[in-house]
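run_3.csv follows (CSV, C-alpha atoms and all ligand atoms):
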```
chain,number,residue,atom,x,y,z
A,19,MET,CA,78.9,151.6,202.8
A,20,THR,CA,79.4,152.7,199.2
A,21,ASP,CA,80.8,156.2,198.6
A,22,VAL,CA,78.8,158.1,196.0
A,23,VAL,CA,79.3,161.7,194.8
A,24,LEU,CA,77.7,164.0,192.3
A,25,GLY,CA,79.6,164.3,189.0
A,26,LYS,CA,79.3,166.8,186.2
A,27,ASN,CA,75.9,168.3,185.8
A,28,GLN,CA,74.1,171.1,184.0
A,29,TYR,CA,70.4,171.9,183.5
A,30,GLY,CA,68.1,174.3,181.9
A,31,LYS,CA,65.3,174.8,179.3
A,32,ALA,CA,65.7,173.1,176.0
A,33,GLU,CA,64.5,174.3,172.6
A,34,ASN,CA,62.7,177.6,173.3
A,35,HIS,CA,61.2,178.4,169.9
A,36,VAL,CA,61.2,182.2,169.6
A,37,VAL,CA,60.3,184.3,166.6
A,38,ARG,CA,61.3,188.0,166.7
A,39,ILE,CA,60.0,190.5,164.3
A,40,HIS,CA,62.1,193.6,164.0
A,41,ARG,CA,59.4,196.2,163.0
A,42,ASP,CA,61.1,199.5,163.6
A,43,THR,CA,60.3,200.3,159.9
A,44,ASP,CA,57.7,198.9,157.6
A,45,ARG,CA,60.3,196.6,156.2
A,46,HIS,CA,60.2,193.9,158.8
A,47,VAL,CA,63.1,191.6,159.6
A,48,ILE,CA,62.4,188.1,161.1
A,49,ARG,CA,64.7,186.0,163.3
A,50,ASP,CA,63.5,182.5,164.0
A,51,LEU,CA,65.5,180.7,166.7
A,52,VAL,CA,65.3,177.6,168.8
A,53,VAL,CA,67.3,178.4,172.0
A,54,THR,CA,68.6,176.1,174.7
A,55,SER,CA,69.9,177.5,178.0
A,56,GLN,CA,71.8,175.3,180.5
A,57,LEU,CA,73.5,176.4,183.7
A,58,ARG,CA,76.6,175.1,185.4
A,59,GLY,CA,77.9,175.9,188.9
A,60,ASP,CA,77.2,174.9,192.5
A,61,PHE,CA,74.1,172.8,192.3
A,62,GLU,CA,75.4,170.2,194.8
A,63,ALA,CA,72.7,170.7,197.4
A,64,VAL,CA,69.9,170.7,194.7
A,65,HIS,CA,70.9,167.1,193.8
A,66,THR,CA,72.1,165.7,197.1
A,67,GLN,CA,70.0,167.6,199.8
A,68,GLY,CA,66.7,168.4,198.0
A,69,ASP,CA,67.7,172.1,198.7
A,70,ASN,CA,66.6,174.3,195.8
A,71,ALA,CA,68.0,177.5,197.1
A,72,HIS,CA,70.5,177.6,194.1
A,73,CYS,CA,68.0,176.1,191.6
A,74,VAL,CA,67.2,178.9,189.1
A,75,PRO,CA,64.1,177.3,187.6
A,76,THR,CA,64.2,176.2,184.0
A,77,ASP,CA,61.0,178.2,183.7
A,78,THR,CA,62.9,181.3,184.6
A,79,GLN,CA,65.6,180.5,182.1
A,80,LYS,CA,62.8,180.2,179.4
A,81,ASN,CA,61.3,183.5,180.4
A,82,THR,CA,64.8,185.2,180.3
A,83,VAL,CA,65.3,183.9,176.7
A,84,PHE,CA,62.0,185.5,175.6
A,85,ALA,CA,62.6,188.7,177.6
A,86,PHE,CA,66.1,189.2,176.2
A,87,VAL,CA,64.9,188.6,172.6
A,88,GLN,CA,62.3,191.3,173.1
A,89,LYS,CA,64.5,193.7,175.0
A,90,TYR,CA,67.7,193.5,172.9
A,91,GLY,CA,66.4,192.1,169.6
A,92,VAL,CA,68.5,189.6,167.7
A,93,ASP,CA,71.7,191.0,166.2
A,94,SER,CA,72.9,187.5,165.7
A,95,PRO,CA,72.2,184.2,167.5
A,96,GLU,CA,75.8,184.3,168.9
A,97,ALA,CA,75.3,187.9,170.3
A,98,LEU,CA,72.0,186.7,172.1
A,99,LEU,CA,73.7,183.7,173.6
A,100,LEU,CA,76.6,185.8,174.9
A,101,LYS,CA,74.1,188.2,176.5
A,102,LEU,CA,72.4,185.2,178.2
A,103,SER,CA,75.7,183.9,179.4
A,104,GLU,CA,76.7,187.3,180.9
A,105,HIS,CA,73.3,187.6,182.6
A,106,PHE,CA,73.1,184.2,184.3
A,107,THR,CA,76.8,184.2,185.5
A,108,SER,CA,76.5,187.8,186.9
A,109,GLU,CA,73.0,187.6,188.4
A,110,PHE,CA,73.6,184.4,190.4
A,111,GLU,CA,77.0,184.1,192.1
A,112,TRP,CA,76.9,180.3,192.2
A,113,VAL,CA,76.4,180.1,188.5
A,114,SER,CA,80.0,179.8,187.2
A,115,GLY,CA,79.2,179.0,183.6
A,116,GLY,CA,76.9,177.2,181.2
A,117,ARG,CA,76.1,176.3,177.7
A,118,TRP,CA,73.7,178.3,175.5
A,119,ALA,CA,72.8,177.0,172.0
A,120,ALA,CA,70.6,178.1,169.2
A,121,ASP,CA,69.5,176.8,165.8
A,122,GLU,CA,68.3,179.5,163.4
A,123,HIS,CA,65.8,178.9,160.6
A,124,ALA,CA,66.2,181.5,157.8
A,125,TRP,CA,63.3,183.2,156.0
A,126,ASP,CA,63.6,184.9,152.6
A,127,ARG,CA,61.4,187.7,151.4
A,128,ILE,CA,58.7,186.7,148.9
A,129,ASN,CA,59.1,189.0,145.8
A,130,ASP,CA,61.1,191.4,148.0
A,131,ASN,CA,57.9,192.1,150.1
A,132,ASP,CA,58.4,194.0,153.3
A,133,HIS,CA,56.5,191.5,155.5
A,134,CYS,CA,55.9,188.3,153.7
A,135,PHE,CA,58.4,185.5,153.9
A,136,VAL,CA,59.1,182.0,152.6
A,137,GLN,CA,61.2,179.7,154.7
A,138,ASN,CA,64.6,179.1,153.3
A,139,LYS,CA,65.3,175.4,153.9
A,140,GLN,CA,68.8,175.4,152.5
A,141,GLU,CA,70.5,174.9,155.9
A,142,VAL,CA,70.0,175.3,159.6
A,143,ARG,CA,72.4,177.7,161.3
A,144,THR,CA,73.8,176.6,164.6
A,145,ALA,CA,75.5,178.5,167.4
A,146,VAL,CA,76.9,177.5,170.8
A,147,VAL,CA,78.4,179.6,173.6
A,148,VAL,CA,80.2,177.7,176.4
A,149,THR,CA,81.2,179.7,179.5
A,150,ASP,CA,83.6,178.6,182.1
A,151,GLY,CA,84.3,181.3,184.7
A,152,PRO,CA,85.5,184.4,182.9
A,153,ARG,CA,86.0,182.7,179.6
A,154,SER,CA,83.4,182.2,176.9
A,155,THR,CA,83.9,180.3,173.7
A,156,VAL,CA,81.7,180.7,170.6
A,157,ILE,CA,81.2,177.9,168.1
A,158,SER,CA,79.1,178.7,165.0
A,159,GLY,CA,78.1,176.5,162.1
A,160,PHE,CA,75.3,175.0,160.0
A,161,LYS,CA,73.8,171.7,159.1
A,162,ASP,CA,71.8,170.1,156.3
A,163,LEU,CA,73.3,172.1,153.4
A,164,THR,CA,72.8,169.6,150.5
A,165,VAL,CA,75.1,170.0,147.6
A,166,LEU,CA,75.9,167.9,144.5
A,167,LYS,CA,78.3,168.0,141.6
A,168,SER,CA,77.4,166.0,138.6
A,169,THR,CA,81.0,165.6,137.4
A,170,GLU,CA,84.6,166.7,138.3
A,171,SER,CA,84.7,164.0,141.0
A,172,GLY,CA,86.4,160.7,141.0
A,173,PHE,CA,87.8,158.0,143.4
A,174,GLN,CA,90.9,156.0,142.4
A,175,GLY,CA,94.2,154.7,143.8
A,176,TYR,CA,92.7,153.1,146.9
A,177,PRO,CA,94.0,149.8,148.3
A,178,LYS,CA,92.3,146.6,147.0
A,179,ASP,CA,92.0,143.3,148.9
A,180,GLN,CA,89.8,140.2,148.6
A,181,TYR,CA,86.8,142.3,149.9
A,182,THR,CA,87.1,145.1,147.4
A,183,THR,CA,84.5,145.3,144.6
A,184,LEU,CA,84.3,149.1,144.1
A,185,PRO,CA,85.4,150.0,140.5
A,186,GLU,CA,87.7,153.0,140.2
A,187,THR,CA,86.1,156.0,138.6
A,188,THR,CA,87.2,159.4,137.2
A,189,ASP,CA,83.7,160.7,136.7
A,190,ARG,CA,81.0,160.3,139.4
A,191,ILE,CA,78.4,162.3,141.2
A,192,MET,CA,79.5,163.7,144.5
A,193,SER,CA,76.8,164.8,146.9
A,194,THR,CA,76.7,165.5,150.6
A,195,ASP,CA,74.7,167.3,153.4
A,196,VAL,CA,77.3,169.6,154.8
A,197,ALA,CA,77.4,169.9,158.6
A,198,THR,CA,80.1,172.1,159.9
A,199,ARG,CA,81.0,174.0,163.1
A,200,TRP,CA,83.8,176.5,163.5
A,201,ARG,CA,85.4,177.8,166.7
A,202,TYR,CA,86.3,181.5,167.1
A,203,SER,CA,89.3,182.6,169.1
A,204,THR,CA,87.5,185.8,170.2
A,205,THR,CA,84.0,186.9,170.9
A,206,ASP,CA,84.5,190.3,169.2
A,207,VAL,CA,83.1,189.2,165.8
A,208,ASP,CA,80.5,190.4,163.3
A,209,PHE,CA,78.8,186.9,163.5
A,210,ASP,CA,76.2,187.4,160.8
A,211,ALA,CA,78.8,188.7,158.3
A,212,VAL,CA,81.3,185.9,159.0
A,213,TYR,CA,78.6,183.3,158.8
A,214,GLU,CA,77.6,184.5,155.3
A,215,ASP,CA,81.2,184.5,154.2
A,216,VAL,CA,82.1,181.1,155.6
A,217,LYS,CA,79.0,179.6,153.8
A,218,LYS,CA,80.1,181.3,150.6
A,219,ILE,CA,83.7,180.0,150.9
A,220,ILE,CA,82.4,176.5,151.5
A,221,LEU,CA,80.1,176.6,148.5
A,222,ASP,CA,82.7,178.2,146.2
A,223,LYS,CA,85.3,175.6,147.2
A,224,PHE,CA,82.9,172.8,146.4
A,225,THR,CA,82.8,174.0,142.8
A,226,ASP,CA,86.4,175.0,142.1
A,227,HIS,CA,88.4,171.7,141.8
A,228,TYR,CA,88.3,168.1,140.6
A,229,SER,CA,87.7,166.2,143.8
A,230,ARG,CA,89.8,163.0,144.3
A,231,ALA,CA,87.8,162.1,147.4
A,232,LEU,CA,85.2,163.8,149.7
A,233,GLN,CA,88.1,163.9,152.2
A,234,GLU,CA,90.1,166.2,149.9
A,235,THR,CA,87.2,168.5,149.3
A,236,LEU,CA,86.4,168.9,153.0
A,237,TYR,CA,90.1,169.7,153.7
A,238,LEU,CA,90.2,172.3,151.0
A,239,MET,CA,87.0,173.9,152.3
A,240,GLY,CA,88.3,174.0,155.8
A,241,LYS,CA,91.7,175.4,154.7
A,242,ALA,CA,90.1,178.2,152.7
A,243,VAL,CA,88.0,179.2,155.7
A,244,ILE,CA,91.0,179.2,158.1
A,245,GLU,CA,93.0,181.2,155.6
A,246,ALA,CA,90.3,183.8,155.0
A,247,HIS,CA,89.3,184.2,158.7
A,248,PRO,CA,92.0,184.9,161.3
A,249,GLU,CA,89.4,184.9,164.0
A,250,ILE,CA,88.6,181.2,163.4
A,251,ASP,CA,91.0,178.7,164.9
A,252,GLU,CA,89.4,175.4,163.8
A,253,ILE,CA,86.5,174.1,161.7
A,254,LYS,CA,85.0,170.6,161.8
A,255,PHE,CA,83.0,168.8,159.1
A,256,SER,CA,80.7,165.8,159.3
A,257,CYS,CA,79.5,164.9,155.8
A,258,PRO,CA,77.7,161.8,154.4
A,259,ASN,CA,78.9,160.6,151.1
A,260,LYS,CA,75.5,160.3,149.4
A,261,HIS,CA,76.3,157.5,146.9
A,262,HIS,CA,74.7,157.7,143.4
A,263,PHE,CA,75.2,154.5,141.5
A,264,VAL,CA,74.9,154.4,137.7
A,265,TYR,CA,71.9,152.2,137.1
A,266,ASP,CA,72.7,149.2,134.8
A,267,LEU,CA,70.1,149.2,132.1
A,268,GLY,CA,71.7,146.4,130.1
A,269,PHE,CA,68.7,144.3,130.8
A,270,CYS,CA,66.7,146.4,128.3
A,271,ASP,CA,69.7,147.2,126.0
A,272,LEU,CA,69.7,150.9,127.0
A,273,PRO,CA,73.1,152.7,127.2
A,274,ASN,CA,73.7,154.7,130.4
A,275,ASP,CA,76.7,157.0,130.2
A,276,ASN,CA,76.6,158.4,133.8
A,277,GLU,CA,73.1,159.7,133.2
A,278,THR,CA,70.6,157.7,135.2
A,279,HIS,CA,71.5,156.9,138.8
A,280,TYR,CA,70.2,155.0,141.8
A,281,ALA,CA,70.4,157.4,144.7
A,282,ALA,CA,71.1,155.1,147.7
A,283,ASP,CA,70.0,156.5,151.0
A,284,ARG,CA,71.9,153.9,153.1
A,285,PRO,CA,74.5,152.8,153.9
A,286,PHE,CA,76.4,156.0,153.3
A,287,GLY,CA,80.0,156.9,153.7
A,288,LEU,CA,80.5,159.2,156.6
A,289,ILE,CA,83.5,161.6,156.3
A,290,GLU,CA,84.5,163.7,159.3
A,291,ALA,CA,87.5,166.0,159.7
A,292,THR,CA,88.8,168.9,161.7
A,293,VAL,CA,91.0,171.6,160.0
A,294,GLN,CA,93.0,173.7,162.4
A,295,ARG,CA,95.2,176.8,162.5
A,296,LYS,CA,98.6,175.4,163.3
A,297,ASP,CA,99.8,176.4,166.8
A,298,ALA,CA,96.3,177.6,167.8
A,299,GLN,CA,95.2,177.1,171.4
A,300,PRO,CA,93.0,174.0,171.5
A,301,ASP,CA,89.7,174.2,173.4
A,302,GLU,CA,88.4,170.6,173.7
A,303,ASN,CA,86.0,171.6,176.5
A,304,ALA,CA,84.0,173.9,174.2
A,305,TRP,CA,83.2,170.9,171.9
A,306,VAL,CA,81.8,168.7,174.7
A,307,GLY,CA,78.1,168.1,174.0
A,308,ILE,CA,78.4,168.8,170.3
A,309,ALA,CA,77.4,165.4,168.8
A,310,GLY,CA,78.3,164.0,165.5
A,311,PHE,CA,81.8,165.6,164.9
A,312,CYS,CA,85.2,164.1,165.6
B,1,LIG,O1,85.2,160.2,148.4
B,1,LIG,C1,85.3,159.0,148.8
B,1,LIG,N1,85.9,158.7,150.0
B,1,LIG,C2,86.0,157.5,150.5
B,1,LIG,O2,86.7,157.2,151.5
B,1,LIG,C3,85.3,156.5,149.8
B,1,LIG,N2,85.1,155.1,150.0
B,1,LIG,C4,84.3,154.7,149.0
B,1,LIG,O3,83.9,153.5,148.9
B,1,LIG,N3,84.0,155.7,148.2
B,1,LIG,C5,84.6,156.8,148.6
B,1,LIG,N4,84.6,158.1,148.2
```
Please, can you express the file's structure as structure tokens?
Amino acid sequence: MTDVVLGKNQYGKAENHVVRIHRDTDRHVIRDLVVTSQLRGDFEAVHTQGDNAHCVPTDTQKNTVFAFVQKYGVDSPEALLLKLSEHFTSEFEWVSGGRWAADEHAWDRINDNDHCFVQNKQEVRTAVVVTDGPRSTVISGFKDLTVLKSTESGFQGYPKDQYTTLPETTDRIMSTDVATRWRYSTTDVDFDAVYEDVKKIILDKFTDHYSRALQETLYLMGKAVIEAHPEIDEIKFSCPNKHHFVYDLGFCDLPNDNETHYAADRPFGLIEATVQRKDAQPDENAWVGIAGFC
């Protein structure tokens, strides 16, 4: 007889796409979110006995997302997720925690119009709330923010062996799609304001130095965020190094002084790093399920 037991589990409704128009005045505000709700707690009998007495339907979780968006509006994705967490853990005593996540797609006004918008595809905002008993952790971030500098980047001084062919350079294109997530030490945050400021710090930092490696630039970005925001304990980056190779036009006798490049889509360097506040409490649990970061 083999002993088998249920291990870790969670369940819910994934990717509820909800668009909320705040129309209290003629100047409408739009929040466009894709929300995932997952519950954790005592679901033993649901799995092992076919007893659904504790199984809050995923359909109910979906309805709750839409109802909360209507009832409370969307101050920020993080505030909505915290409300959902509070609701599910207080309404059902066997629900001890869970994971609530949202991706937000931004819309800009067309010509400052009150109710016409164009989707801003710069980046996708991300938010996660992880609740375990009385404690909730918020991790915010964004992905797919594509940036490029056409000079002020080089790569030199690396070790060379029999497999090294890469020439050193003091002037190259550096480009990446920034994916970043940062963890707050508190839930008492103006999430929209901090989001805008962190994005600004990351973009400012990308411009303000000669980069000796993408690694150095990521570290400088993270350091600037941690220094400016005491409520953030750590920030992670996962960034492809989008190689741009100067195209050799010698075959037709054309000079090419770092002007015409072949933008290779693969393979790409993949640079990942975490920048932390020294002596901050780690919270590895909160990062579980966030793919693509180290
Ligand atoms: O910024 C860089 N970091 C690397 O680790 C690396 N490796 C490489 O081949 N080119 C680069 N560029």
If we count all atoms listed in the file and set the cut-off at 6 Å, which residues sit around stretch 105-122 of chain A, ignoring sequence neighbours fewer than 3 positions away in its own chain? Please answer as a ChimeraX atom specification. /A:50-60,99,102,142-151
Suppose we keep C-alpha atoms; can you now write the selection as a short mmCIF file (atom, residue, chain, number, x, y, z; two decimals), in the coordinates of the input?
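Produced file part-v5.cif, reproduced below:
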```cif
data_model
loop_
_atom_site.label_atom_id
_atom_site.label_comp_id
_atom_site.auth_asym_id
_atom_site.auth_seq_id
_atom_site.Cartn_x
_atom_site.Cartn_y
_atom_site.Cartn_z
CA ASP A 50 63.50 182.50 164.00
CA LEU A 51 65.50 180.70 166.70
CA VAL A 52 65.30 177.60 168.80
CA VAL A 53 67.30 178.40 172.00
CA THR A 54 68.60 176.10 174.70
CA SER A 55 69.90 177.50 178.00
CA GLN A 56 71.80 175.30 180.50
CA LEU A 57 73.50 176.40 183.70
CA ARG A 58 76.60 175.10 185.40
CA GLY A 59 77.90 175.90 188.90
CA ASP A 60 77.20 174.90 192.50
CA LEU A 99 73.70 183.70 173.60
CA LEU A 102 72.40 185.20 178.20
CA VAL A 142 70.00 175.30 159.60
CA ARG A 143 72.40 177.70 161.30
CA THR A 144 73.80 176.60 164.60
CA ALA A 145 75.50 178.50 167.40
CA VAL A 146 76.90 177.50 170.80
CA VAL A 147 78.40 179.60 173.60
CA VAL A 148 80.20 177.70 176.40
CA THR A 149 81.20 179.70 179.50
CA ASP A 150 83.60 178.60 182.10
CA GLY A 151 84.30 181.30 184.70
#
```
Can you pull out the residues contacting A:Thr76? Cut-off 8 Å, using all atoms listed in the file, and skip same-chain residues under 3 positions away; I want them as a VMD selection string. chain A and resid 29 to 31 79 to 80
Given a cut-off of 10 Å, what residues near ligand LIG 1 (chain B) show up using all atoms listed in the file, put as a ChimeraX atom specification? /A:171-174,176,182-187,190,192-193,229-236,258-261,286-289
Pick the closest to A:Arg45 from A:Phe135, A:Phe86, A:Phe160, A:Tyr213: which is it, counting only C-alpha atoms? A:Phe135
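The interatomic distance for the pair atom CA of A:Asn70 and atom CA of A:Lys26 works out to 17.6 Å.
If all atoms listed in the file are the atoms counted, then among A:Ala63, A:Val87, A:Val74, A:Val216 the closest residue to A:His40 is A:Val87.
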Protein and nucleic acid residues near (78.6, 177.3, 149.1) (cut-off 12 Å, only C-alpha atoms) as a PDB file with C-alpha atoms, in the coordinates of the input:
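To be explicit, this is the file written out as part-v3.pdb:
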```
ATOM      1  CA  GLN A 140      68.800 175.400 152.500  1.00  0.00           C
ATOM      2  CA  GLU A 141      70.500 174.900 155.900  1.00  0.00           C
ATOM      3  CA  PHE A 160      75.300 175.000 160.000  1.00  0.00           C
ATOM      4  CA  LEU A 163      73.300 172.100 153.400  1.00  0.00           C
ATOM      5  CA  THR A 164      72.800 169.600 150.500  1.00  0.00           C
ATOM      6  CA  VAL A 165      75.100 170.000 147.600  1.00  0.00           C
ATOM      7  CA  LEU A 166      75.900 167.900 144.500  1.00  0.00           C
ATOM      8  CA  LYS A 167      78.300 168.000 141.600  1.00  0.00           C
ATOM      9  CA  ASP A 195      74.700 167.300 153.400  1.00  0.00           C
ATOM     10  CA  VAL A 196      77.300 169.600 154.800  1.00  0.00           C
ATOM     11  CA  TYR A 213      78.600 183.300 158.800  1.00  0.00           C
ATOM     12  CA  GLU A 214      77.600 184.500 155.300  1.00  0.00           C
ATOM     13  CA  ASP A 215      81.200 184.500 154.200  1.00  0.00           C
ATOM     14  CA  VAL A 216      82.100 181.100 155.600  1.00  0.00           C
ATOM     15  CA  LYS A 217      79.000 179.600 153.800  1.00  0.00           C
ATOM     16  CA  LYS A 218      80.100 181.300 150.600  1.00  0.00           C
ATOM     17  CA  ILE A 219      83.700 180.000 150.900  1.00  0.00           C
ATOM     18  CA  ILE A 220      82.400 176.500 151.500  1.00  0.00           C
ATOM     19  CA  LEU A 221      80.100 176.600 148.500  1.00  0.00           C
ATOM     20  CA  ASP A 222      82.700 178.200 146.200  1.00  0.00           C
ATOM     21  CA  LYS A 223      85.300 175.600 147.200  1.00  0.00           C
ATOM     22  CA  PHE A 224      82.900 172.800 146.400  1.00  0.00           C
ATOM     23  CA  THR A 225      82.800 174.000 142.800  1.00  0.00           C
ATOM     24  CA  ASP A 226      86.400 175.000 142.100  1.00  0.00           C
ATOM     25  CA  MET A 239      87.000 173.900 152.300  1.00  0.00           C
ATOM     26  CA  VAL A 243      88.000 179.200 155.700  1.00  0.00           C
TER      27      VAL A 243
END
```
Provide the atom CA of A:Arg201 to atom CA of A:Leu238 distance in Å, to one decimal place. 17.3 Å
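As for atom CA of A:Trp125 and atom CA of A:Val37, they are spaced 11.1 Å apart.
Each of A:Tyr181, A:Tyr237, A:Phe84, A:Tyr202 was compared to A:Val156 using all atoms listed in the file, and A:Tyr202 turns out to be the nearest.
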